[in-house]
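To keep things clear, I will list the structure first and then write my remarks on it.
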Amino acid sequence: MIRWRHPRDDRGIVELVRTQLVPISPWQHPRDSRLYSEITRRIRKGATLVASESRRSTPFGFLHMEFRSDTLFIDLLAVDSSHQNRHWGSELMQSAEQYGRKKGCRISRVFVDEDNGRALRFYQRLGYGGVRWIQSLKVIELAKML
């Protein structure tokens with residue numbers, strides 16, 4: 001099921017960041033309590049959807065988004081490897097885009113690490129196209145009209 005984040009989900013979300021995103025990131029990340037505080041601070045801004053077995057179960061996927069003017073920014077998206085290739089990422093994206101449209105967003109943007117070919121293909125399948133490469137950040141910006 002896709003649902004809105006509850007504060008009790010934060011530990012599961014941080015664990016998904018630690019196991020699914022940190023290993024593929026080109027950047028150094030804080031460990032343990034510093035990672036927890038950094039991620040929980042980050043997800044307090046904007047809105048976060050989670051994928052879980054039930055309303056109370058630990059999330060196996062999540063998507064964090066922020067809104068700026070008419071733009072939906074996909075900030076973080078992760079699905080546990082044991083649940084990948086089952087359309088959970090696509091469902092999270094579809095829910096986020098639908099919510100963004102309700103909030104008046106006309107475009108969605110996401111930054112993908114330049115070496116993350118799997119994520120680039122995922123977003124391209126969802127209709128996102130390359131906007132620019134930001135060499136200093138080692139990311140590619142992708143966008144899609146909503």
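By convention in this document, the chains of the structure tokens carry letters A, B, ... by their order, each chain's residues are numbered from 1, and ligands are numbered from 1 in the order they are shown.
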message = Give me, as a ChimeraX atom specification, all polymer residues having an atom no more than 6 Å from A:Leu49, counting only C-alpha atoms and skipping those fewer than 6 positions away in the same chain.
response = /A:3-5,62-63
ask   = Could you pull out all residues of chain A with a DSSP call of helix (DSSP H, G or I) and give them as a PyMOL selection string?
value = chain A and resi 7-24+32-43+81-83+88-102+117-125+135-137
query = Skipping near chain neighbours, those fewer than 6 positions away, what residues fall within 9 Å of A:Ile24 using only C-alpha atoms, listed as a PyMOL selection string?
reply = chain A and resi 113+115-116
Report the closest atom pair, with its distance in Å rounded to one decimal, for each residue of stretch 110-134 of chain A that has an atom no farther than 9 Å from stretch 79-92 of chain A; count only C-alpha atoms, sort by chain and then rising residue number, and write it as a tab-separated table.
```
residue	atom	partner	partner_atom	distance
A:Phe122	CA	A:Ser90	CA	8.4
A:Tyr123	CA	A:Ser90	CA	9.0
A:Leu126	CA	A:Ser90	CA	7.6
```
Output of the above residues as a PDB file, in the first residue's frame, restricted to C-alpha atoms:
```pdb
ATOM      1  CA  PHE A 122      13.593   4.352 -14.539  1.00  0.00           C
ATOM      2  CA  TYR A 123      12.789   8.061 -14.794  1.00  0.00           C
ATOM      3  CA  LEU A 126       8.179   7.470 -16.650  1.00  0.00           C
TER       4      LEU A 126
END
```
message = To one decimal place in Å, what is the distance between atom CA of A:Asp10 and atom CA of A:Glu66?
response =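 Separation of atom CA of A:Asp10 and atom CA of A:Glu66: 17.1 Å.
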task = Using DSSP on the backbone, list every residue of stretch 85-122 of chain A that comes out as strand (DSSP E or B), and give them as a list in words.
result = Ile107, Ser108, Arg109, Val110, Phe111, Val112 and Asp113 of chain A
key: One-decimal distance in Å that lies between atom CA of A:Ser52 and atom CA of A:Gly12   = 10.3 Å
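By only C-alpha atoms, and with residues fewer than 4 positions from A:Arg125 along its chain excluded, the set lying at most 12 Å from it is His87, Gly89, Ser90, Met93, Arg118, Ala119, Leu120, Arg121, Gly129, Leu142 and Lys144 of chain A.
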key: Contacts of A:Arg44 at 10 Å (only C-alpha atoms; same-chain gap of 4+ positions) as a list of chain:residue names   =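 Counting only the stated atoms, we get A:Pro7, A:Ile39, A:Thr40, A:Thr48, A:His64, A:Glu66.
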request  = Mind checking which residues fall within 12 Å of A:Gln135, counting only C-alpha atoms, ignoring those fewer than 5 positions away in the same chain, and posting them as a PyMOL selection string?
outcome  = chain A and resi 111-115+140-141
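Taking only C-alpha atoms into account, A:Gln20 lies nearest to A:Leu77 out of the set A:Leu77, A:Met65, A:Met1, A:Leu72.
Atom CA of A:Ala143 is found 5.1 Å from atom CA of A:Tyr128.
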inquiry  = I'd like to know which of A:Asp70, A:Arg34, A:Ile2, A:Arg8 is closest to A:Ala51, using only C-alpha atoms.
reply    =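 Result for the nearest residue to A:Ala51: A:Ile2.
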